[in-house]
>>> print(open('structure17.json').read())   # JSON, C-alpha atoms
[["chain", "number", "residue", "atom", "x", "y", "z"],
["A", 776, "MET", "CA", -18.80, -7.68, -26.03],
["A", 777, "LYS", "CA", -17.91, -11.29, -26.89],
["A", 778, "PHE", "CA", -17.16, -14.07, -24.46],
["A", 779, "ASN", "CA", -14.81, -16.99, -25.06],
["A", 780, "PHE", "CA", -15.70, -20.14, -23.20],
["A", 781, "SER", "CA", -12.79, -21.63, -21.31],
["A", 782, "ILE", "CA", -11.44, -25.15, -21.75],
["A", 783, "LYS", "CA", -13.12, -26.19, -18.51],
["A", 784, "THR", "CA", -16.49, -25.02, -19.87],
["A", 785, "GLN", "CA", -15.99, -27.09, -23.06],
["A", 786, "ARG", "CA", -15.08, -30.14, -20.98],
["A", 787, "LEU", "CA", -18.29, -29.67, -19.00],
["A", 788, "LYS", "CA", -20.24, -29.73, -22.27],
["A", 789, "TYR", "CA", -18.54, -32.98, -23.29],
["A", 790, "LYS", "CA", -19.40, -34.54, -19.94],
["A", 791, "LEU", "CA", -23.03, -33.51, -20.36],
["A", 792, "TRP", "CA", -23.12, -35.15, -23.77],
["A", 793, "VAL", "CA", -21.77, -38.37, -22.23],
["A", 794, "VAL", "CA", -24.51, -38.30, -19.57],
["A", 795, "TYR", "CA", -27.07, -37.66, -22.27],
["A", 796, "ALA", "CA", -25.82, -40.67, -24.22],
["A", 797, "LEU", "CA", -25.98, -42.90, -21.14],
["A", 798, "MET", "CA", -29.52, -41.79, -20.30],
["A", 799, "PHE", "CA", -31.07, -41.75, -23.78],
["A", 800, "ILE", "CA", -28.93, -43.12, -26.60],
["A", 801, "LEU", "CA", -27.77, -46.37, -24.94],
["A", 802, "PRO", "CA", -31.26, -47.35, -23.72],
["A", 803, "ALA", "CA", -32.59, -46.55, -27.20],
["A", 804, "ILE", "CA", -29.96, -48.80, -28.80],
["A", 805, "PHE", "CA", -30.81, -51.59, -26.35],
["A", 806, "LEU", "CA", -34.53, -51.33, -27.12],
["A", 807, "GLY", "CA", -33.76, -51.31, -30.83],
["A", 808, "TYR", "CA", -31.71, -54.47, -30.37],
["A", 809, "ILE", "CA", -34.53, -56.24, -28.48],
["A", 810, "ILE", "CA", -37.10, -55.24, -31.07],
["A", 811, "LEU", "CA", -34.80, -56.35, -33.90],
["A", 812, "ILE", "CA", -34.17, -59.86, -32.56],
["A", 813, "THR", "CA", -37.85, -60.20, -31.71],
["A", 814, "LEU", "CA", -39.10, -59.29, -35.16],
["A", 815, "PHE", "CA", -36.26, -60.90, -37.09],
["A", 816, "PRO", "CA", -34.93, -63.87, -35.05],
["A", 817, "ASN", "CA", -33.37, -65.45, -38.13],
["A", 818, "LEU", "CA", -30.79, -62.65, -38.31],
["A", 819, "LEU", "CA", -28.79, -64.31, -35.51],
["A", 820, "ALA", "CA", -26.69, -67.41, -36.04],
["A", 821, "ASN", "CA", -28.01, -68.93, -32.81],
["A", 822, "PRO", "CA", -31.55, -67.75, -32.17],
["A", 823, "THR", "CA", -32.24, -66.76, -28.61],
["A", 824, "PRO", "CA", -34.71, -68.95, -26.70],
["A", 825, "VAL", "CA", -38.09, -67.34, -26.25],
["A", 826, "PRO", "CA", -38.12, -67.28, -22.40],
["A", 827, "ILE", "CA", -34.70, -65.60, -22.21],
["A", 828, "LEU", "CA", -35.74, -63.17, -24.89],
["A", 829, "LYS", "CA", -38.85, -62.22, -22.98],
["A", 830, "LEU", "CA", -36.90, -61.72, -19.73],
["A", 831, "SER", "CA", -34.32, -59.59, -21.54],
["A", 832, "LEU", "CA", -37.08, -57.58, -23.11],
["A", 833, "ILE", "CA", -38.85, -57.03, -19.80],
["A", 834, "PHE", "CA", -35.80, -56.15, -17.70],
["A", 835, "GLY", "CA", -34.09, -54.20, -20.45],
["A", 836, "GLY", "CA", -37.23, -52.25, -21.17],
["A", 837, "LEU", "CA", -37.82, -51.51, -17.50],
["A", 838, "GLY", "CA", -34.20, -50.53, -17.04],
["A", 839, "SER", "CA", -34.28, -48.23, -20.04],
["A", 840, "VAL", "CA", -37.50, -46.62, -18.87],
["A", 841, "ILE", "CA", -36.09, -46.15, -15.35],
["A", 842, "ILE", "CA", -32.83, -44.67, -16.66],
["A", 843, "SER", "CA", -34.65, -42.31, -18.98],
["A", 844, "LEU", "CA", -37.12, -41.22, -16.32],
["A", 845, "GLY", "CA", -34.27, -40.75, -13.86],
["A", 846, "GLY", "CA", -32.41, -38.62, -16.37],
["A", 847, "LEU", "CA", -35.47, -36.53, -17.05],
["A", 848, "PHE", "CA", -36.03, -36.11, -13.32],
["A", 849, "LEU", "CA", -32.43, -35.04, -12.73],
["A", 850, "MET", "CA", -32.53, -32.63, -15.66],
["A", 851, "SER", "CA", -35.81, -31.10, -14.45],
["A", 852, "ARG", "CA", -34.32, -30.72, -10.98],
["A", 853, "SER", "CA", -31.24, -29.00, -12.50],
["A", 854, "ILE", "CA", -33.09, -26.62, -14.80],
["A", 855, "LYS", "CA", -34.86, -24.69, -12.04],
["A", 856, "PRO", "CA", -31.68, -23.87, -10.02],
["A", 857, "VAL", "CA", -29.92, -22.84, -13.26],
["A", 858, "GLU", "CA", -32.85, -20.56, -14.09],
["A", 859, "ASN", "CA", -32.70, -19.08, -10.59],
["A", 860, "ILE", "CA", -28.94, -18.53, -10.85],
["A", 861, "THR", "CA", -29.38, -16.88, -14.24],
["A", 862, "LYS", "CA", -32.11, -14.62, -12.93],
["A", 863, "GLU", "CA", -30.11, -13.59, -9.86],
["A", 864, "ALA", "CA", -26.99, -12.98, -11.95],
["A", 865, "GLU", "CA", -28.98, -10.91, -14.42],
["A", 866, "ASN", "CA", -30.54, -8.84, -11.63],
["A", 867, "PHE", "CA", -27.13, -8.33, -10.05],
["A", 868, "MET", "CA", -25.63, -7.15, -13.33],
["A", 869, "VAL", "CA", -28.54, -4.76, -13.85],
["A", 870, "GLU", "CA", -27.92, -3.34, -10.37],
["A", 871, "LEU", "CA", -24.29, -2.81, -11.36],
["A", 872, "GLY", "CA", -25.49, -1.00, -14.45],
["A", 873, "LYS", "CA", -23.83, -3.58, -16.68],
["A", 874, "GLY", "CA", -26.91, -5.45, -17.86],
["A", 875, "ALA", "CA", -26.90, -3.80, -21.27],
["A", 876, "VAL", "CA", -23.51, -5.25, -22.21],
["A", 877, "ILE", "CA", -24.43, -8.87, -21.49],
["A", 878, "LEU", "CA", -25.27, -11.04, -24.50],
["A", 879, "THR", "CA", -28.73, -12.52, -23.96],
["A", 880, "THR", "CA", -29.42, -13.68, -27.52],
["A", 881, "THR", "CA", -29.21, -17.34, -26.46],
["A", 882, "ARG", "CA", -31.98, -19.12, -24.62],
["A", 883, "ASP", "CA", -29.63, -21.71, -23.21],
["A", 884, "GLU", "CA", -29.52, -21.13, -19.45],
["A", 885, "GLY", "CA", -26.08, -22.67, -19.14],
["A", 886, "GLU", "CA", -24.59, -20.29, -21.68],
["A", 887, "LYS", "CA", -26.37, -17.37, -20.05],
["A", 888, "VAL", "CA", -24.84, -18.29, -16.69],
["A", 889, "SER", "CA", -21.45, -18.69, -18.35],
["A", 890, "GLN", "CA", -21.76, -15.24, -19.93],
["A", 891, "TYR", "CA", -22.84, -13.63, -16.68],
["A", 892, "MET", "CA", -20.16, -15.36, -14.63],
["A", 893, "THR", "CA", -17.47, -14.46, -17.17],
["A", 894, "HIS", "CA", -18.50, -10.83, -17.04],
["A", 895, "LEU", "CA", -18.69, -10.88, -13.23],
["A", 896, "ILE", "CA", -15.15, -12.24, -13.08],
["A", 897, "MET", "CA", -13.97, -9.49, -15.42],
["A", 898, "GLU", "CA", -15.76, -6.88, -13.31],
["A", 899, "THR", "CA", -14.29, -8.35, -10.13],
["A", 900, "ARG", "CA", -10.79, -8.17, -11.56],
["A", 901, "THR", "CA", -11.37, -4.57, -12.62],
["A", 902, "LYS", "CA", -12.67, -3.65, -9.17],
["A", 903, "MET", "CA", -9.75, -5.44, -7.50],
["A", 904, "ASN", "CA", -7.31, -3.46, -9.63],
["A", 905, "GLU", "CA", -9.15, -0.26, -8.66],
["A", 906, "ILE", "CA", -9.06, -1.27, -5.00],
["A", 907, "ASN", "CA", -5.33, -1.99, -5.22],
["A", 908, "GLY", "CA", -4.85, 1.41, -6.81],
["A", 909, "TYR", "CA", -6.86, 3.09, -4.07],
["A", 910, "ALA", "CA", -4.89, 1.16, -1.44],
["A", 911, "GLN", "CA", -1.61, 2.35, -2.94],
["A", 912, "GLN", "CA", -2.87, 5.94, -3.04],
["A", 913, "LEU", "CA", -4.04, 5.61, 0.56],
["A", 914, "ALA", "CA", -0.64, 4.28, 1.63],
["A", 915, "GLU", "CA", 1.10, 7.17, -0.13],
["A", 916, "THR", "CA", -1.32, 9.64, 1.46],
["A", 917, "ASN", "CA", -0.73, 8.13, 4.90],
["A", 918, "THR", "CA", 3.01, 8.38, 4.36],
["A", 919, "LYS", "CA", 2.65, 12.04, 3.43],
["A", 920, "LEU", "CA", 0.40, 12.67, 6.43],
["A", 921, "ASN", "CA", 2.91, 10.99, 8.72],
["A", 922, "GLU", "CA", 5.65, 13.18, 7.27],
["A", 923, "LEU", "CA", 3.51, 16.26, 7.79],
["A", 924, "ALA", "CA", 2.92, 15.21, 11.39],
["A", 925, "VAL", "CA", 6.64, 15.01, 12.19],
["A", 926, "LYS", "CA", 8.17, 17.55, 9.80],
["A", 927, "ASP", "CA", 8.23, 21.31, 9.60],
["A", 928, "GLY", "CA", 6.26, 22.57, 6.61],
["A", 929, "LEU", "CA", 8.70, 25.33, 5.68],
["A", 930, "THR", "CA", 12.14, 23.77, 6.05],
["A", 931, "GLY", "CA", 11.33, 20.07, 5.66],
["A", 932, "LEU", "CA", 13.26, 19.31, 8.86],
["A", 933, "TYR", "CA", 11.73, 17.45, 11.77],
["A", 934, "ASN", "CA", 9.53, 19.51, 14.06],
["A", 935, "HIS", "CA", 9.74, 20.32, 17.75],
["A", 936, "MET", "CA", 7.42, 17.55, 18.92],
["A", 937, "TYR", "CA", 9.17, 14.78, 17.02],
["A", 938, "ILE", "CA", 12.70, 15.81, 17.96],
["A", 939, "LYS", "CA", 11.96, 15.61, 21.69],
["A", 940, "GLU", "CA", 10.57, 12.09, 21.36],
["A", 941, "ARG", "CA", 13.49, 11.07, 19.16],
["A", 942, "LEU", "CA", 15.99, 12.53, 21.61],
["A", 943, "ASN", "CA", 14.48, 10.48, 24.44],
["A", 944, "TYR", "CA", 14.95, 7.37, 22.30],
["A", 945, "GLU", "CA", 18.54, 8.28, 21.40],
["A", 946, "LEU", "CA", 19.36, 8.90, 25.08],
["A", 947, "LEU", "CA", 18.09, 5.45, 26.05],
["A", 948, "ARG", "CA", 19.97, 3.89, 23.16],
["A", 949, "ALA", "CA", 23.21, 5.70, 24.02],
["A", 950, "ARG", "CA", 23.02, 4.57, 27.64],
["A", 951, "GLU", "CA", 22.06, 1.00, 26.70],
["A", 952, "PHE", "CA", 25.06, 0.55, 24.39],
["A", 953, "SER", "CA", 27.44, 3.01, 26.11],
["A", 954, "HIS", "CA", 27.63, 5.22, 23.03],
["A", 955, "PRO", "CA", 28.43, 8.94, 23.05],
["A", 956, "LEU", "CA", 25.80, 11.47, 22.08],
["A", 957, "SER", "CA", 25.95, 15.19, 21.26],
["A", 958, "VAL", "CA", 23.27, 17.82, 20.74],
["A", 959, "ILE", "CA", 23.73, 21.06, 18.79],
["A", 960, "MET", "CA", 21.49, 24.09, 19.30],
["A", 961, "ALA", "CA", 21.79, 26.83, 16.65],
["A", 962, "ASP", "CA", 20.23, 30.27, 16.26],
["A", 963, "ILE", "CA", 20.51, 32.66, 13.29],
["A", 964, "ASP", "CA", 22.11, 35.90, 14.44],
["A", 965, "ASP", "CA", 20.04, 39.08, 14.19],
["A", 966, "PHE", "CA", 17.30, 37.25, 12.30],
["A", 967, "LYS", "CA", 14.49, 39.34, 13.79],
["A", 968, "GLN", "CA", 15.97, 42.57, 12.47],
["A", 969, "TYR", "CA", 16.49, 41.01, 9.04],
["A", 970, "ASN", "CA", 12.94, 39.63, 9.02],
["A", 971, "ASP", "CA", 11.42, 42.96, 10.08],
["A", 972, "ARG", "CA", 13.45, 44.91, 7.49],
["A", 973, "SER", "CA", 13.17, 42.56, 4.51],
["A", 974, "GLY", "CA", 9.76, 40.95, 5.15],
["A", 975, "HIS", "CA", 8.58, 37.53, 6.18],
["A", 976, "LEU", "CA", 8.95, 36.07, 2.68],
["A", 977, "ALA", "CA", 12.65, 36.93, 2.67],
["A", 978, "GLY", "CA", 12.90, 35.55, 6.21],
["A", 979, "ASP", "CA", 11.36, 32.27, 5.11],
["A", 980, "GLN", "CA", 13.89, 32.02, 2.30],
["A", 981, "VAL", "CA", 16.69, 32.44, 4.84],
["A", 982, "LEU", "CA", 15.25, 29.67, 7.01],
["A", 983, "GLU", "CA", 14.96, 27.31, 4.04],
["A", 984, "LYS", "CA", 18.51, 28.02, 2.89],
["A", 985, "VAL", "CA", 19.95, 27.61, 6.39],
["A", 986, "ALA", "CA", 18.06, 24.33, 6.82],
["A", 987, "ARG", "CA", 19.48, 22.97, 3.54],
["A", 988, "THR", "CA", 22.97, 24.02, 4.58],
["A", 989, "ILE", "CA", 22.64, 22.22, 7.92],
["A", 990, "VAL", "CA", 21.50, 19.03, 6.19],
["A", 991, "LYS", "CA", 24.44, 19.17, 3.75],
["A", 992, "ASN", "CA", 26.99, 19.45, 6.56],
["A", 993, "ILE", "CA", 25.84, 16.68, 8.91],
["A", 994, "ARG", "CA", 26.14, 12.93, 8.69],
["A", 995, "PRO", "CA", 23.37, 10.65, 7.35],
["A", 996, "ILE", "CA", 22.74, 9.31, 10.87],
["A", 997, "ASP", "CA", 22.29, 12.79, 12.38],
["A", 998, "ILE", "CA", 18.77, 14.12, 13.05],
["A", 999, "PRO", "CA", 18.14, 17.82, 12.28],
["A", 1000, "ALA", "CA", 15.01, 19.73, 13.31],
["A", 1001, "ARG", "CA", 13.60, 23.20, 13.42],
["A", 1002, "TYR", "CA", 13.19, 23.80, 17.11],
["A", 1003, "GLY", "CA", 11.17, 26.98, 16.73],
["A", 1004, "GLY", "CA", 11.41, 30.34, 14.95],
["A", 1005, "GLU", "CA", 14.98, 30.74, 13.73],
["A", 1006, "GLU", "CA", 16.33, 28.11, 16.14],
["A", 1007, "PHE", "CA", 17.54, 24.68, 15.03],
["A", 1008, "ILE", "CA", 18.63, 21.52, 16.82],
["A", 1009, "VAL", "CA", 20.71, 18.58, 15.60],
["A", 1010, "ILE", "CA", 21.05, 15.23, 17.40],
["A", 1011, "LEU", "CA", 24.43, 13.59, 16.76],
["A", 1012, "PRO", "CA", 24.30, 9.89, 17.73],
["A", 1013, "GLY", "CA", 27.73, 8.40, 18.43],
["A", 1014, "ALA", "CA", 29.47, 11.79, 18.28],
["A", 1015, "GLU", "CA", 31.93, 12.68, 21.00],
["A", 1016, "SER", "CA", 32.99, 16.24, 21.85],
["A", 1017, "ASN", "CA", 35.57, 16.64, 19.08],
["A", 1018, "LYS", "CA", 33.28, 15.28, 16.37],
["A", 1019, "GLY", "CA", 30.36, 17.39, 17.55],
["A", 1020, "MET", "CA", 32.47, 20.54, 17.57],
["A", 1021, "GLN", "CA", 33.80, 19.73, 14.11],
["A", 1022, "ILE", "CA", 30.30, 19.36, 12.64],
["A", 1023, "ALA", "CA", 29.04, 22.49, 14.41],
["A", 1024, "GLU", "CA", 31.99, 24.53, 13.17],
["A", 1025, "GLN", "CA", 31.48, 23.29, 9.63],
["A", 1026, "ILE", "CA", 27.83, 24.37, 9.75],
["A", 1027, "ARG", "CA", 28.82, 27.80, 11.08],
["A", 1028, "ALA", "CA", 31.47, 28.34, 8.40],
["A", 1029, "GLN", "CA", 29.22, 27.31, 5.53],
["A", 1030, "ILE", "CA", 26.33, 29.55, 6.63],
["A", 1031, "SER", "CA", 28.63, 32.55, 7.03],
["A", 1032, "GLN", "CA", 29.51, 32.21, 3.35],
["A", 1033, "LEU", "CA", 25.91, 32.25, 2.13],
["A", 1034, "ASN", "CA", 24.54, 35.24, 0.25],
["A", 1035, "PHE", "CA", 20.95, 36.41, 0.64],
["A", 1036, "TYR", "CA", 19.13, 38.70, -1.77],
["A", 1037, "PRO", "CA", 16.22, 40.57, -0.18],
["A", 1038, "LYS", "CA", 14.12, 42.61, -2.61],
["A", 1039, "ASP", "CA", 14.91, 45.97, -1.06],
["A", 1040, "MET", "CA", 18.69, 45.44, -1.22],
["A", 1041, "VAL", "CA", 20.83, 46.18, -4.26],
["A", 1042, "SER", "CA", 23.73, 43.99, -3.15],
["A", 1043, "PRO", "CA", 23.57, 40.63, -1.35],
["A", 1044, "ILE", "CA", 24.02, 40.43, 2.39],
["A", 1045, "SER", "CA", 25.29, 37.65, 4.65],
["A", 1046, "LEU", "CA", 24.05, 36.29, 7.92],
["A", 1047, "THR", "CA", 25.78, 34.32, 10.63],
["A", 1048, "ILE", "CA", 24.72, 31.68, 13.08],
["A", 1049, "SER", "CA", 25.66, 30.94, 16.68],
["A", 1050, "LEU", "CA", 25.82, 27.37, 17.97],
["A", 1051, "GLY", "CA", 26.05, 25.61, 21.31],
["A", 1052, "ILE", "CA", 26.82, 21.97, 21.87],
["A", 1053, "SER", "CA", 26.19, 19.64, 24.81],
["A", 1054, "ILE", "CA", 27.74, 16.21, 25.34],
["A", 1055, "LEU", "CA", 25.88, 13.39, 27.09],
["A", 1056, "SER", "CA", 27.24, 12.77, 30.57],
["A", 1057, "GLU", "CA", 26.28, 10.60, 33.51],
["A", 1058, "LYS", "CA", 24.60, 13.57, 35.21],
["A", 1059, "ILE", "CA", 22.12, 14.06, 32.36],
["A", 1060, "VAL", "CA", 18.92, 12.13, 33.03],
["A", 1061, "SER", "CA", 16.45, 13.59, 30.50],
["A", 1062, "SER", "CA", 16.17, 15.12, 27.03],
["A", 1063, "GLU", "CA", 15.15, 18.46, 28.58],
["A", 1064, "GLU", "CA", 18.40, 18.57, 30.52],
["A", 1065, "ILE", "CA", 20.72, 17.98, 27.55],
["A", 1066, "ILE", "CA", 18.73, 20.51, 25.47],
["A", 1067, "SER", "CA", 18.99, 23.02, 28.30],
["A", 1068, "GLN", "CA", 22.76, 22.58, 28.41],
["A", 1069, "ALA", "CA", 23.08, 23.01, 24.62],
["A", 1070, "ASP", "CA", 20.85, 26.09, 24.83],
["A", 1071, "GLU", "CA", 23.03, 27.54, 27.57],
["A", 1072, "ALA", "CA", 26.12, 26.98, 25.43],
["A", 1073, "LEU", "CA", 24.32, 28.68, 22.52],
["A", 1074, "TYR", "CA", 23.62, 31.84, 24.54],
["A", 1075, "ARG", "CA", 27.23, 31.89, 25.66],
["A", 1076, "SER", "CA", 28.13, 32.04, 21.95],
["A", 1077, "LYS", "CA", 25.75, 34.99, 21.60],
["A", 1078, "ARG", "CA", 27.30, 36.80, 24.57],
["A", 1079, "MET", "CA", 30.79, 36.24, 23.23],
["A", 1080, "GLY", "CA", 30.04, 38.07, 19.98],
["A", 1081, "LYS", "CA", 27.94, 35.62, 17.91],
["A", 1082, "ASN", "CA", 29.04, 33.66, 14.83],
["A", 1083, "ARG", "CA", 30.84, 31.08, 16.93],
["A", 1084, "VAL", "CA", 30.49, 27.62, 18.52],
["A", 1085, "CYS", "CA", 30.63, 27.06, 22.28],
["A", 1086, "GLU", "CA", 30.53, 23.80, 24.18],
["A", 1087, "TYR", "CA", 28.62, 23.52, 27.45],
["A", 1088, "ILE", "CA", 30.85, 23.84, 30.51],
["A", 1089, "ASN", "CA", 29.67, 22.26, 33.72],
["A", 1090, "PRO", "CA", 29.99, 24.91, 36.48],
["A", 1091, "SER", "CA", 30.78, 22.20, 39.03],
["A", 1092, "GLY", "CA", 33.55, 20.86, 36.88]]
>>> encode(input="structure17.json", output="structure tokens")
Amino acid sequence: MKFNFSIKTQRLKYKLWVVYALMFILPAIFLGYIILITLFPNLLANPTPVPILKLSLIFGGLGSVIISLGGLFLMSRSIKPVENITKEAENFMVELGKGAVILTTTRDEGEKVSQYMTHLIMETRTKMNEINGYAQQLAETNTKLNELAVKDGLTGLYNHMYIKERLNYELLRAREFSHPLSVIMADIDDFKQYNDRSGHLAGDQVLEKVARTIVKNIRPIDIPARYGGEEFIVILPGAESNKGMQIAEQIRAQISQLNFYPKDMVSPISLTISLGISILSEKIVSSEEIISQADEALYRSKRMGKNRVCEYINPSG
């Protein structure tokens, strides 16, 4: 694995060279100048007086020595932390199991740190990408779990628990904004006999096909659910009596035209569905009450011969 030093790293090297020049090269040039004019005073057009020369030599020499010693002190103070950083980085990479891929052919501590840090950044980016991937998978899993919690596994419609909570919400919303609301209860006619004769697998296929037919014949804003067994419920927000009856009748007609093919039958058979509908009124105060009214209308459809739609009739008028 090769590492390319960044522009910032190259600039840091240039700065270090400048510091090196200030601490070592410039004092050396100054000392060379003092020695030159001392040994060869005739080289200058105007020779420097001896007292000034001595003072320059003393202060310049002391200054150069102080600068050099200060530079050495600062460099010695910097080497130990760099060594510690390198050692810690190396140990950390070994713990990650990545120590073998790090180039350690150089003895320069700065380059070692640069190599380790570069690799750590690459590893961090890789891990962040993995974490983001895991987070996306977790979000998708949570979405699926939420769907499983509110939807029926066989039909894909909402389940009994969710529909009751949703109906409570729709009731409050309808009353708040003075909107109409209808509820359809539906039950497949003679489903038990069909299920017992043809088997549960064939019965499940009927439930799936009926559920798809219900979804195709309702509006996007309507909320369908499997209420239990072969019974279904549909919440119709904003639907008055005429609209609710129209949707319910359309569902009934479409299901009566379906063909089912159980294994033990040579020719296809058809099934029907009975439906009851209840309209929100001022007397209804809870979701249980409007469901009860729709259920009562459903059983009236059953008593009247099945394969029909009946609307709830208030006995008190």
>>> closest_residue(input="structure17.json", among="A:Ile996, A:Ala914, A:Leu1050, A:Met936", to="Ile1010 (chain A)", atoms="all atoms listed in the file")
A:Ile996
>>> closest_residue(input="structure17.json", among="A:Ile1054, A:Leu929, A:Ile906, A:Met960", to="Asp979 (chain A)", atoms="only C-alpha atoms")
A:Leu929
>>> closest_residue(input="structure17.json", among="A:Ala949, A:Ile1048, A:Ala1000, A:Leu1033", to="Ala1014 (chain A)", atoms="all atoms listed in the file")
A:Ala949
>>> closest_residue(input="structure17.json", among="A:Tyr1074, A:Tyr1087, A:Tyr944, A:Tyr1036", to="Gly974 (chain A)", atoms="only C-alpha atoms")
A:Tyr1036
>>> atom_distance(input="structure17.json", atom1="CA of Ile1052 (chain A)", atom2="CA of Ser1016 (chain A)")
8.4 Å
>>> atom_distance(input="structure17.json", atom1="CA of Glu940 (chain A)", atom2="CA of Ile1088 (chain A)")
25.2 Å
>>> atom_distance(input="structure17.json", atom1="CA of Leu942 (chain A)", atom2="CA of Ser1049 (chain A)")
21.4 Å
>>> closest_residue(input="structure17.json", among="A:Ile1059, A:Ile1066, A:Ile1044, A:Met897", to="Ala977 (chain A)", atoms="all atoms listed in the file")
A:Ile1044
>>> closest_residue(input="structure17.json", among="A:Gln890, A:Thr1047, A:Asn1089, A:Ser953", to="Arg1027 (chain A)", atoms="all atoms listed in the file")
A:Thr1047
>>> residues_around(input="structure17.json", residues="Val1009 (chain A)", least_positions_apart="2", cutoff="7 Å", atoms="only C-alpha atoms", output="PyMOL selection string")
chain A and resi 958-960+997-1000+1007+1011
>>> residues_near_point(input="structure17.json", point="(24.4, 24.7, 11.3)", cutoff="8 Å", atoms="all atoms listed in the file", output="list in words")
Ala961, Val985, Ala986, Thr988, Ile989, Asn992, Phe1007, Ala1023, Glu1024, Gln1025, Ile1026, Arg1027, Gln1029, Ile1030, Ile1048 and Leu1050 of chain A
>>> decode(input="structure17.json", residues="region 1058-1071 of chain A", atoms="N, CA, C and O atoms", output="compact mmCIF listing (two decimals), in the first residue's frame")
# COMPACT_ATOMS: atom_id res chain seq x y z
N LYS A 1058 -75.04 10.81 16.88
CA LYS A 1058 -75.25 9.89 17.98
C LYS A 1058 -74.08 8.95 18.20
O LYS A 1058 -73.94 8.35 19.26
N ILE A 1059 -73.22 8.80 17.20
CA ILE A 1059 -72.06 7.92 17.32
C ILE A 1059 -70.96 8.63 18.11
O ILE A 1059 -70.56 9.74 17.74
N VAL A 1060 -70.49 8.00 19.16
CA VAL A 1060 -69.48 8.63 20.01
C VAL A 1060 -68.17 7.85 20.04
O VAL A 1060 -67.19 8.33 20.62
N SER A 1061 -68.12 6.66 19.45
CA SER A 1061 -66.89 5.87 19.53
C SER A 1061 -66.74 5.01 18.28
O SER A 1061 -67.70 4.80 17.52
N SER A 1062 -65.52 4.50 18.07
CA SER A 1062 -65.26 3.63 16.92
C SER A 1062 -66.02 2.33 17.06
O SER A 1062 -66.49 1.76 16.06
N GLU A 1063 -66.15 1.81 18.30
CA GLU A 1063 -66.89 0.57 18.52
C GLU A 1063 -68.34 0.70 18.07
O GLU A 1063 -68.93 -0.24 17.52
N GLU A 1064 -68.90 1.88 18.26
CA GLU A 1064 -70.31 2.08 17.93
C GLU A 1064 -70.53 2.09 16.42
O GLU A 1064 -71.47 1.46 15.92
N ILE A 1065 -69.66 2.78 15.67
CA ILE A 1065 -69.85 2.83 14.22
C ILE A 1065 -69.54 1.47 13.60
O ILE A 1065 -70.18 1.06 12.61
N ILE A 1066 -68.60 0.72 14.18
CA ILE A 1066 -68.32 -0.65 13.70
C ILE A 1066 -69.50 -1.56 13.99
O ILE A 1066 -69.89 -2.38 13.15
N SER A 1067 -70.09 -1.40 15.15
CA SER A 1067 -71.25 -2.21 15.52
C SER A 1067 -72.41 -1.98 14.56
O SER A 1067 -73.11 -2.92 14.16
N GLN A 1068 -72.62 -0.71 14.17
CA GLN A 1068 -73.69 -0.41 13.24
C GLN A 1068 -73.42 -1.01 11.85
O GLN A 1068 -74.33 -1.55 11.22
N ALA A 1069 -72.15 -0.91 11.39
CA ALA A 1069 -71.81 -1.49 10.09
C ALA A 1069 -71.95 -3.01 10.15
O ALA A 1069 -72.40 -3.64 9.17
N ASP A 1070 -71.59 -3.60 11.28
CA ASP A 1070 -71.71 -5.05 11.44
C ASP A 1070 -73.18 -5.48 11.43
O ASP A 1070 -73.54 -6.51 10.84
N GLU A 1071 -74.02 -4.67 12.06
CA GLU A 1071 -75.45 -4.97 12.05
C GLU A 1071 -76.02 -4.89 10.65
O GLU A 1071 -76.84 -5.74 10.24
